[in-house]
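Comments concern the structure below.
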Amino acid sequence: MKRVLVLVEGPTEARFIKDILAPYLWERNVSAVATIVTTKKVKAGASFKGGVYSFQKIENDLRPLLGDKGAALVTTMFDFYAFPKDFVGWKDVTATKPVERVAQLERAFEKHVDHGGFRAFLMLHEYEEMLFTGPESVVAALNEQPKLKDLQEILSQFSGPEEINEGKDTAPSKRLMKLFLSYRKPLHGPMIVGRIGLQKVREACPHFGEWLSHLDAVGEN
């Protein structure tokens, strides 16, 4: 069994790894373990975790994972939306299309880390992109059937869920929270993706699909 360590942004992503991704990868000879990036430490008591505010915080938590000699791969799962502008390589990004900007940042991250067992991954644009791959599952989980057309109308404006933009009020999560007042990311996010299924998400979200294929390959080597 190969071990993959995933540094994630918050509790929603950690639960996604534990409840959805880990069981899927287990069947492919891969054990996935999530670690939430630490955002604040105090002299006494537990660390506060969740959110990405600076590149240094990411690197501080990433380096110990890279030092784990028992890991076959170390990777990340952060939202590109509201990503810290001090991130390595950000000032050198030349692409205008989001998918190309993300790819440039991921490669810059890997070059900076300089570790053969590291694969950078950024969600394009954020976790909630995956929920837009199954509007029917969203309205069923939130018991809001009449709003199915609203979700379908949003999706029809883009070539795919990963294209739903990164505006302050138009990012995937902002659109969902505006439509569904009961939506709670840590609770509903992983649950709905579980209902949709990874295969459907993979087909609708090519950038995510490439990452998932890379994780699949870990168990084959």
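Letters for chains follow the order of the structure tokens (A, B, ...), residue numbers begin at 1 for each chain, and ligand numbers begin at 1 in the order shown.
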Return as a tab-separated table the residues of stretch 150-209 of chain A lying at most 7 Å from stretch 4-26 of chain A, together with the closest atom-to-atom pair for each and the distance in Å to one decimal, counting only C-alpha atoms, with rows in chain order and ascending residue number.
residue	atom	partner	partner_atom	distance
A:Lys185	CA	A:Thr12	CA	6.4
A:Pro186	CA	A:Thr12	CA	4.3
A:Gly189	CA	A:Thr12	CA	6.7
A:Pro190	CA	A:Phe16	CA	5.0
A:Gly194	CA	A:Ile20	CA	6.1
May I have the selected residues written with N, CA and C atoms, as a short mmCIF file (atom, residue, chain, number, x, y, z; two decimals), in the first residue's frame?
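The resulting file, result19.cif, is shown below:
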data_model
loop_
_atom_site.label_atom_id
_atom_site.label_comp_id
_atom_site.auth_asym_id
_atom_site.auth_seq_id
_atom_site.Cartn_x
_atom_site.Cartn_y
_atom_site.Cartn_z
N LYS A 185 -20.46 24.56 4.05
CA LYS A 185 -19.40 23.92 3.28
C LYS A 185 -18.85 22.65 3.92
N PRO A 186 -18.43 22.67 5.21
CA PRO A 186 -17.84 21.45 5.78
C PRO A 186 -18.82 20.28 5.83
N GLY A 189 -20.52 20.11 1.52
CA GLY A 189 -19.55 19.98 0.44
C GLY A 189 -19.14 18.54 0.15
N PRO A 190 -18.55 17.83 1.12
CA PRO A 190 -18.15 16.44 0.88
C PRO A 190 -19.33 15.50 0.66
N GLY A 194 -19.93 13.22 -2.65
CA GLY A 194 -20.08 11.78 -2.49
C GLY A 194 -21.27 11.25 -3.27
#
Residues at most 10 Å from stretch 174-176 of chain A, counting only C-alpha atoms, excluding those fewer than 4 positions away in the same chain, as JSON, numbers by chain?
{"A": [128, 131, 132, 138, 150, 151, 154, 164, 166, 167, 168, 169, 170, 180, 181, 182, 183, 184, 185]}
Using only C-alpha atoms, which residue out of A:Met130, A:Ala34, A:Ala217, A:Ala171 lies closest to A:Ala72?
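Using only C-alpha atoms, the shortest distance to A:Ala72 belongs to A:Ala217.
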Using only C-alpha atoms, can you tell me which of A:Met123, A:Gly89, A:Val74, A:Pro64 comes closest to A:Arg107?
A:Gly89
Find the residues near A:Arg3: any atom within 12 Å, counting only C-alpha atoms, skip ones fewer than 5 places away on the same chain, and give them as a list in words.
Ala22, Leu25, Trp26, Arg28, Asn29, Val30, Ser31, Ala32, Val33, Ala34, Leu65, Asp68, Lys69, Gly70, Ala71, Ala72, Leu73, Val74, Thr75, Gly117, Leu215, Asp216, Val218 and Gly219 of chain A
Based on the backbone DSSP call, show me all residues of stretch 4-186 of chain A assigned alpha helix (DSSP H), as a ChimeraX atom specification.
/A:11-16,22-26,55-66,98-113,135-141,148-156,172-179,185-186
Strand (DSSP E or B) residues, from DSSP on the backbone, in stretch 117-180 of chain A, as a ChimeraX atom specification:
/A:118-119,122-123
Residues as selected, N, CA and C atoms, written as a PDB file, in the first residue's frame, can you do that?
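Ended up saving to result10.pdb:
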ATOM      1  N   PHE A 118       6.924  15.345  -4.952  1.00  0.00           N
ATOM      2  CA  PHE A 118       5.908  16.372  -4.718  1.00  0.00           C
ATOM      3  C   PHE A 118       5.144  16.682  -5.992  1.00  0.00           C
ATOM      4  N   ARG A 119       3.825  16.781  -5.860  1.00  0.00           N
ATOM      5  CA  ARG A 119       2.945  17.168  -6.981  1.00  0.00           C
ATOM      6  C   ARG A 119       1.985  18.236  -6.477  1.00  0.00           C
ATOM      7  N   LEU A 122      -3.916  22.806  -7.370  1.00  0.00           N
ATOM      8  CA  LEU A 122      -4.807  23.888  -6.968  1.00  0.00           C
ATOM      9  C   LEU A 122      -6.169  23.657  -7.608  1.00  0.00           C
ATOM     10  N   MET A 123      -7.231  23.764  -6.809  1.00  0.00           N
ATOM     11  CA  MET A 123      -8.581  23.642  -7.347  1.00  0.00           C
ATOM     12  C   MET A 123      -8.898  24.852  -8.199  1.00  0.00           C
TER      13      MET A 123
END
Selection near A:Leu148, 7 Å with only C-alpha atoms, sequence-local residues under 4 positions removed, as a ChimeraX atom specification
/A:135-136,139,152
Could you jot down the atom CA of A:Phe55 to atom CA of A:His188 separation for me, Å, one decimal place?
28.1 Å
How far is it from atom CA of A:Lys91 to atom CA of A:Ala108, in Å with one decimal?
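Taking atom CA of A:Lys91 and atom CA of A:Ala108, their separation equals 10.7 Å.
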